[in-house]
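Engineer: As input, take final-v5.tsv (TSV, C-alpha atoms):
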chain	number	residue	atom	x	y	z
A	24	MET	CA	152.78	98.17	123.14
A	25	LYS	CA	152.67	94.40	122.70
A	26	ARG	CA	149.90	94.09	125.26
A	27	ARG	CA	147.94	96.84	123.48
A	28	SER	CA	148.50	95.27	120.07
A	29	ARG	CA	147.30	91.89	121.29
A	30	TRP	CA	144.21	93.49	122.78
A	31	ALA	CA	143.49	95.33	119.53
A	32	ALA	CA	143.94	92.15	117.50
A	33	ALA	CA	141.65	90.22	119.80
A	34	LEU	CA	139.03	92.94	119.55
A	35	ALA	CA	139.25	92.88	115.76
A	36	VAL	CA	138.77	89.11	115.66
A	37	CYS	CA	135.78	89.32	118.00
A	38	THR	CA	134.26	92.08	115.88
A	39	VAL	CA	134.68	90.10	112.65
A	40	LEU	CA	133.21	86.98	114.24
A	41	GLY	CA	130.32	88.95	115.65
A	42	LEU	CA	129.52	90.54	112.31
A	43	ALA	CA	129.79	87.19	110.56
A	44	GLY	CA	127.38	85.69	113.06
A	45	CYS	CA	124.90	88.50	112.48
A	46	GLY	CA	125.05	88.28	108.69
A	47	SER	CA	125.26	84.58	108.01
A	48	GLY	CA	122.43	83.24	110.15
A	49	THR	CA	119.07	82.09	108.89
A	50	ALA	CA	117.14	84.75	110.77
A	51	GLN	CA	116.65	82.25	113.55
A	52	ASN	CA	114.44	83.07	116.49
A	53	SER	CA	116.18	84.16	119.68
A	54	GLU	CA	114.08	81.57	121.54
A	55	PRO	CA	112.78	78.25	120.18
A	56	VAL	CA	109.19	78.38	118.94
A	57	GLU	CA	107.19	75.71	120.70
A	58	GLY	CA	105.28	73.45	118.34
A	59	LEU	CA	107.47	73.90	115.23
A	60	ASP	CA	108.92	70.44	115.85
A	61	GLN	CA	105.42	69.00	115.40
A	62	LEU	CA	104.98	70.35	111.85
A	63	GLY	CA	107.59	68.20	110.11
A	64	ASP	CA	108.56	68.98	106.52
A	65	ILE	CA	107.80	72.42	105.10
A	66	ARG	CA	105.26	72.35	102.27
A	67	VAL	CA	106.27	75.23	100.01
A	68	ILE	CA	103.56	76.88	97.90
A	69	ALA	CA	104.65	79.12	95.02
A	70	ARG	CA	102.91	80.83	92.11
A	71	GLU	CA	103.31	79.85	88.47
A	72	ASP	CA	106.16	81.23	86.38
A	73	GLY	CA	104.64	84.32	84.74
A	74	SER	CA	102.91	85.46	87.92
A	75	GLY	CA	103.75	89.03	88.88
A	76	THR	CA	103.51	88.12	92.56
A	77	ARG	CA	106.09	85.35	92.09
A	78	ALA	CA	108.44	87.66	90.17
A	79	ALA	CA	108.14	90.42	92.76
A	80	PHE	CA	108.55	87.98	95.67
A	81	ALA	CA	111.68	86.43	94.13
A	82	GLN	CA	113.12	89.88	93.48
A	83	LEU	CA	112.42	91.23	96.97
A	84	VAL	CA	113.59	88.08	98.79
A	85	ASP	CA	116.58	87.92	96.42
A	86	PHE	CA	116.49	84.58	94.65
A	87	GLU	CA	115.83	85.72	91.08
A	88	GLY	CA	118.77	84.49	89.02
A	89	ASP	CA	120.67	81.25	88.36
A	90	ALA	CA	117.60	79.01	88.33
A	91	ALA	CA	118.39	75.29	88.50
A	92	ASP	CA	115.55	74.63	86.06
A	93	ALA	CA	116.10	76.33	82.69
A	94	GLN	CA	112.34	76.73	82.31
A	95	GLN	CA	112.10	78.82	85.48
A	96	SER	CA	112.88	82.51	85.82
A	97	ASP	CA	114.05	82.21	89.44
A	98	GLN	CA	115.50	79.77	91.96
A	99	THR	CA	112.21	78.49	93.41
A	100	ARG	CA	112.80	74.93	94.63
A	101	LYS	CA	111.75	72.18	92.23
A	102	ASP	CA	109.47	70.43	94.74
A	103	ALA	CA	107.37	73.54	95.42
A	104	GLN	CA	103.64	73.13	94.84
A	105	ILE	CA	102.67	75.54	92.07
A	106	ALA	CA	99.39	77.44	92.44
A	107	GLN	CA	97.77	79.10	89.45
A	108	ASP	CA	96.10	81.92	91.36
A	109	THR	CA	95.78	83.57	94.77
A	110	GLU	CA	92.78	81.51	95.86
A	111	GLU	CA	94.69	78.30	95.21
A	112	VAL	CA	97.57	79.50	97.41
A	113	ILE	CA	95.18	80.34	100.24
A	114	GLN	CA	93.38	77.01	99.94
A	115	ALA	CA	96.65	75.06	100.02
A	116	VAL	CA	97.82	76.85	103.17
A	117	GLU	CA	94.41	76.48	104.82
A	118	ASP	CA	94.50	72.73	104.19
A	119	ASP	CA	97.96	72.03	105.61
A	120	ALA	CA	99.43	73.23	108.92
A	121	ALA	CA	102.95	72.73	107.47
A	122	ALA	CA	102.40	74.94	104.40
A	123	ILE	CA	103.81	78.39	103.62
A	124	GLY	CA	102.86	80.67	100.73
A	125	TYR	CA	102.70	84.28	99.59
A	126	ILE	CA	99.81	86.42	98.36
A	127	SER	CA	98.75	90.02	97.92
A	128	ARG	CA	97.94	91.70	101.23
A	129	GLY	CA	94.63	92.82	99.74
A	130	SER	CA	93.59	89.17	99.37
A	131	MET	CA	93.90	88.48	103.10
A	132	SER	CA	90.36	89.56	103.93
A	133	GLY	CA	88.11	86.57	104.47
A	134	ALA	CA	91.00	84.10	104.73
A	135	SER	CA	90.34	83.20	108.36
A	136	LYS	CA	92.36	79.96	108.45
A	137	VAL	CA	95.68	81.58	107.50
A	138	LYS	CA	97.76	84.30	109.07
A	139	ALA	CA	100.37	86.74	107.78
A	140	LEU	CA	103.79	86.52	109.37
A	141	THR	CA	105.76	89.59	110.28
A	142	VAL	CA	108.94	89.78	108.19
A	143	ASN	CA	112.15	90.85	109.89
A	144	GLY	CA	109.95	91.87	112.80
A	145	THR	CA	107.80	94.20	110.64
A	146	SER	CA	104.06	93.73	110.15
A	147	VAL	CA	102.52	93.70	106.69
A	148	ASP	CA	100.70	97.00	107.28
A	149	ALA	CA	103.83	98.92	108.36
A	150	LYS	CA	105.45	101.47	106.03
A	151	SER	CA	108.83	99.78	106.50
A	152	TYR	CA	107.54	96.32	105.52
A	153	PRO	CA	110.19	94.90	103.15
A	154	LEU	CA	107.96	93.05	100.66
A	155	ARG	CA	106.26	95.93	98.85
A	156	ARG	CA	105.55	96.22	95.12
A	157	SER	CA	103.52	98.33	92.66
A	158	PHE	CA	100.33	97.54	90.76
A	159	TYR	CA	100.39	98.71	87.12
A	160	LEU	CA	97.89	99.33	84.35
A	161	THR	CA	99.56	99.19	80.95
A	162	TYR	CA	98.50	100.07	77.43
A	163	CYS	CA	99.94	100.30	73.94
A	164	GLY	CA	99.59	103.59	72.06
A	165	GLY	CA	97.15	106.37	72.84
A	166	LEU	CA	94.07	106.12	75.01
A	167	ASN	CA	90.56	106.82	73.75
A	168	GLU	CA	88.19	109.12	75.68
A	169	LEU	CA	86.69	106.33	77.76
A	170	GLU	CA	90.03	104.77	78.70
A	171	GLU	CA	91.45	108.17	79.60
A	172	ASP	CA	88.39	108.91	81.73
A	173	PHE	CA	88.66	105.59	83.57
A	174	LEU	CA	92.36	106.06	84.31
A	175	THR	CA	91.68	109.60	85.51
A	176	TYR	CA	89.05	108.19	87.87
A	177	ILE	CA	91.48	105.57	89.23
A	178	ARG	CA	94.13	108.22	89.93
A	179	SER	CA	91.65	110.57	91.62
A	180	ALA	CA	88.39	109.51	93.32
A	181	GLY	CA	89.28	105.84	92.86
A	182	GLN	CA	92.19	106.19	95.27
A	183	ASP	CA	89.63	106.14	98.07
A	184	ILE	CA	88.86	102.52	97.08
A	185	VAL	CA	92.58	101.76	96.75
A	186	GLY	CA	93.19	103.01	100.29
A	187	LYS	CA	90.80	100.49	101.86
A	188	SER	CA	93.12	97.51	101.29
A	189	TYR	CA	96.23	98.92	99.63
A	190	THR	CA	98.48	102.00	99.75
A	191	GLN	CA	97.36	105.01	97.73
A	192	VAL	CA	99.69	106.46	95.10
A	193	ALA	CA	97.82	109.75	94.64
A	194	LYS	CA	95.54	112.01	96.61
A	195	THR	CA	91.81	111.37	96.53
A	196	ASN	CA	90.32	114.15	94.39
A	197	THR	CA	86.89	115.02	93.05
A	198	PHE	CA	86.18	113.35	89.72
A	199	LEU	CA	83.79	114.49	86.99
A	200	SER	CA	83.32	111.90	84.25
A	201	ASN	CA	83.16	112.86	80.59
A	202	GLN	CA	80.43	110.17	80.20
A	203	ALA	CA	82.20	108.60	77.22
A	204	GLU	CA	80.56	105.47	75.78
A	205	GLY	CA	82.18	102.16	74.94
A	206	THR	CA	83.87	99.06	76.29
A	207	ILE	CA	87.22	98.45	77.98
A	208	SER	CA	88.79	95.00	78.10
A	209	ILE	CA	91.32	94.44	80.90
A	210	ALA	CA	93.46	91.30	81.38
A	211	GLY	CA	96.33	90.13	83.55
A	212	SER	CA	97.34	89.79	87.18
A	213	THR	CA	95.11	87.82	89.54
A	214	SER	CA	96.45	90.00	92.37
A	215	VAL	CA	95.38	93.25	90.72
A	216	ALA	CA	92.04	91.86	89.50
A	217	PRO	CA	90.05	92.14	92.80
A	218	LEU	CA	90.98	95.81	93.12
A	219	MET	CA	90.25	96.41	89.45
A	220	ARG	CA	86.78	94.91	89.79
A	221	GLU	CA	85.96	97.28	92.64
A	222	LEU	CA	87.26	100.25	90.65
A	223	ALA	CA	85.37	99.20	87.50
A	224	GLU	CA	82.07	98.71	89.37
A	225	ALA	CA	82.38	102.10	91.06
A	226	TYR	CA	83.27	103.82	87.78
A	227	GLU	CA	80.34	102.22	85.92
A	228	GLN	CA	78.00	103.70	88.53
A	229	ILE	CA	79.42	107.13	87.73
A	230	ASN	CA	79.45	106.49	83.99
A	231	PRO	CA	76.69	103.99	83.07
A	232	HIS	CA	77.68	104.26	79.40
A	233	ALA	CA	80.83	102.22	80.08
A	234	ASP	CA	81.14	98.44	80.00
A	235	ILE	CA	84.36	97.10	81.54
A	236	THR	CA	85.34	93.42	81.38
A	237	ILE	CA	88.16	91.90	83.44
A	238	THR	CA	89.91	88.62	82.65
A	239	GLU	CA	92.31	87.04	85.16
A	240	THR	CA	95.40	85.34	83.73
A	241	ASP	CA	98.77	86.50	85.08
A	242	SER	CA	100.96	89.59	84.83
A	243	THR	CA	103.13	88.38	81.94
A	244	ASP	CA	100.09	87.37	79.90
A	245	GLY	CA	98.39	90.70	80.65
A	246	LEU	CA	101.43	92.62	79.42
A	247	THR	CA	101.66	90.42	76.32
A	248	GLN	CA	97.98	90.94	75.51
A	249	ALA	CA	98.35	94.71	75.93
A	250	MET	CA	101.36	94.72	73.59
A	251	SER	CA	99.55	92.66	70.94
A	252	GLY	CA	96.28	94.60	71.19
A	253	GLN	CA	94.29	91.63	72.52
A	254	CYS	CA	93.14	93.76	75.46
A	255	ASP	CA	92.89	97.51	76.04
A	256	LEU	CA	94.61	97.54	79.43
A	257	GLY	CA	97.00	95.01	80.94
A	258	MET	CA	97.29	94.44	84.69
A	259	SER	CA	100.70	93.72	86.21
A	260	SER	CA	101.76	93.18	89.81
A	261	ARG	CA	105.46	93.17	88.93
A	262	ASP	CA	107.82	95.76	87.52
A	263	LEU	CA	107.99	95.91	83.75
A	264	LYS	CA	111.09	94.56	82.03
A	265	ASP	CA	113.14	96.92	79.86
A	266	TYR	CA	111.62	95.77	76.55
A	267	GLU	CA	108.11	95.97	78.04
A	268	GLN	CA	108.74	99.56	79.12
A	269	GLU	CA	109.82	100.38	75.56
A	270	LEU	CA	106.67	98.91	74.02
A	271	LEU	CA	104.07	99.94	76.61
A	272	ASP	CA	102.88	103.00	78.46
A	273	TYR	CA	101.95	102.37	82.07
A	274	GLN	CA	100.62	103.95	85.23
A	275	VAL	CA	101.06	102.89	88.85
A	276	ILE	CA	97.61	102.64	90.41
A	277	ALA	CA	98.42	101.26	93.90
A	278	GLN	CA	101.14	99.97	96.20
A	279	ASP	CA	100.70	96.47	97.59
A	280	GLU	CA	102.47	94.33	100.17
A	281	ILE	CA	103.18	90.64	99.59
A	282	ALA	CA	102.00	88.79	102.67
A	283	VAL	CA	103.85	85.64	103.72
A	284	ILE	CA	101.12	83.32	104.96
A	285	VAL	CA	101.07	80.15	107.04
A	286	ASN	CA	98.28	78.06	108.48
A	287	ALA	CA	96.58	79.60	111.52
A	288	GLU	CA	97.75	76.61	113.58
A	289	ASN	CA	101.42	77.28	112.80
A	290	PRO	CA	102.97	78.75	115.99
A	291	LEU	CA	105.50	80.87	114.05
A	292	GLN	CA	104.87	84.62	114.17
A	293	ASP	CA	107.92	86.16	112.48
A	294	ILE	CA	110.31	85.15	109.72
A	295	GLY	CA	113.49	86.70	108.34
A	296	LEU	CA	114.21	87.39	104.68
A	297	ASP	CA	117.22	85.10	104.74
A	298	THR	CA	115.10	82.28	106.17
A	299	LEU	CA	112.49	82.84	103.45
A	300	ARG	CA	115.20	82.69	100.81
A	301	GLN	CA	116.53	79.41	102.17
A	302	ILE	CA	113.04	77.88	102.44
A	303	TYR	CA	112.12	78.83	98.86
A	304	THR	CA	115.43	77.70	97.38
A	305	GLY	CA	115.43	74.36	99.19
A	306	LYS	CA	118.14	74.93	101.79
A	307	ILE	CA	115.71	74.69	104.71
A	308	ASN	CA	113.28	71.78	104.49
A	309	VAL	CA	111.95	71.14	108.00
A	310	TRP	CA	110.13	73.62	110.22
A	311	ASN	CA	112.17	72.77	113.30
A	312	GLU	CA	115.35	73.85	111.48
A	313	LEU	CA	114.23	77.39	112.29
A	314	ASN	CA	114.83	76.58	115.97
A	315	SER	CA	118.35	75.19	115.48
Before we go any further, please render this structure as structure tokens.
Structural biologist:
Amino acid sequence: MKRRSRWAAALAVCTVLGLAGCGSGTAQNSEPVEGLDQLGDIRVIAREDGSGTRAAFAQLVDFEGDAADAQQSDQTRKDAQIAQDTEEVIQAVEDDAAAIGYISRGSMSGASKVKALTVNGTSVDAKSYPLRRSFYLTYCGGLNELEEDFLTYIRSAGQDIVGKSYTQVAKTNTFLSNQAEGTISIAGSTSVAPLMRELAEAYEQINPHADITITETDSTDGLTQAMSGQCDLGMSSRDLKDYEQELLDYQVIAQDEIAVIVNAENPLQDIGLDTLRQIYTGKINVWNELNS
């Protein structure tokens, strides 16, 4: 009995230690990545507070609350370089082999000097990719005939355009426009804006009586403008907060993945969520720490 009890106790200790080792690591690589030691300090690129991509990234990577800076909505490290739009993130990562950033997957096309890392071993185009969020169009009150027609187009024939770079949220169906006349002003997320331009241009070919203008700001500003009536439709690349859901109507128009990007010269291919969290909260500061 004693021998059996000792064996059982030893097994329990080994099991606990094994589980602790699995859960508490920094998603380190099983083998050292050659060349990481040459990159030096990690240059962290983040989006501005108010960006839907930043909010969604912080939520999905799990560093939303308890920000050290009272003016921030998440725990993004204080020394992060703040980019005001997607193009600025891409440019910063293109210019520095030690940089890391995050952008909409749909913005990857044409960015030849950066690459998207797999996350937890999953590529950005896989259904199980962990950094996935929704694109929203929001509005306050009822829609007029033109706005209703445009949204119907997006949720039907427009899904064919969505499917080229993003994940569709509805089946592609035949669309017959009501040919309503007028203008639609759209403002908000810089991540949603490229898709919205494509959708607007395609719709205006179907309905030449429509004039659609798109202004890029950020998700929070787009939602605020929609609530105050400064624009007809607000674009958001993050989930709406409770009070925003009470004040606005909204429709999901696409699913998007947030790509974690590094310079093309960076030898790293995969990164874990826990490692991302520690990089963006300032607990990992040097690339070679991923090898330790």
Engineer: If you count only C-alpha atoms, which residues fall within 10 Å of region 83-87 of chain A, apart from same-chain ones fewer than 3 positions away, as a tab-separated table (two decimals) with C-alpha atoms, in the frame of the given file?
Structural biologist:
chain	number	residue	atom	x	y	z
A	77	ARG	CA	106.09	85.35	92.09
A	78	ALA	CA	108.44	87.66	90.17
A	79	ALA	CA	108.14	90.42	92.76
A	80	PHE	CA	108.55	87.98	95.67
A	90	ALA	CA	117.60	79.01	88.33
A	95	GLN	CA	112.10	78.82	85.48
A	96	SER	CA	112.88	82.51	85.82
A	97	ASP	CA	114.05	82.21	89.44
A	98	GLN	CA	115.50	79.77	91.96
A	99	THR	CA	112.21	78.49	93.41
A	153	PRO	CA	110.19	94.90	103.15
A	154	LEU	CA	107.96	93.05	100.66
A	155	ARG	CA	106.26	95.93	98.85
A	156	ARG	CA	105.55	96.22	95.12
A	281	ILE	CA	103.18	90.64	99.59
A	295	GLY	CA	113.49	86.70	108.34
A	296	LEU	CA	114.21	87.39	104.68
A	297	ASP	CA	117.22	85.10	104.74
A	298	THR	CA	115.10	82.28	106.17
A	299	LEU	CA	112.49	82.84	103.45
A	300	ARG	CA	115.20	82.69	100.81
A	301	GLN	CA	116.53	79.41	102.17
A	303	TYR	CA	112.12	78.83	98.86
A	304	THR	CA	115.43	77.70	97.38
Engineer: Pick out the residues sitting within 6 Å of region 178-189 of chain A, and hand them over as a ChimeraX atom specification; count all atoms listed in the file, and ignore anything fewer than 6 positions along from it in its own chain.
Structural biologist: /A:129,195-198,279
Engineer: Using all atoms listed in the file, find the one residue out of A:Ser214, A:Ser208, A:Ser251, A:Gln61 that sits nearest to Gly164 (chain A).
Structural biologist: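 For Gly164 (chain A), the nearest of the candidates is A:Ser251.
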Engineer: Tell me which of A:Ile307, A:Val285, A:Gly245, A:Glu312 sits closest to Met131 (chain A), counting all atoms listed in the file.
Structural biologist: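 Closest candidate: A:Val285.
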Engineer: Measuring between only C-alpha atoms, which one of A:Leu59, A:Arg261, A:Ser242, A:Asn308 shows the shortest distance to Gln82 (chain A)?
Structural biologist: A:Arg261
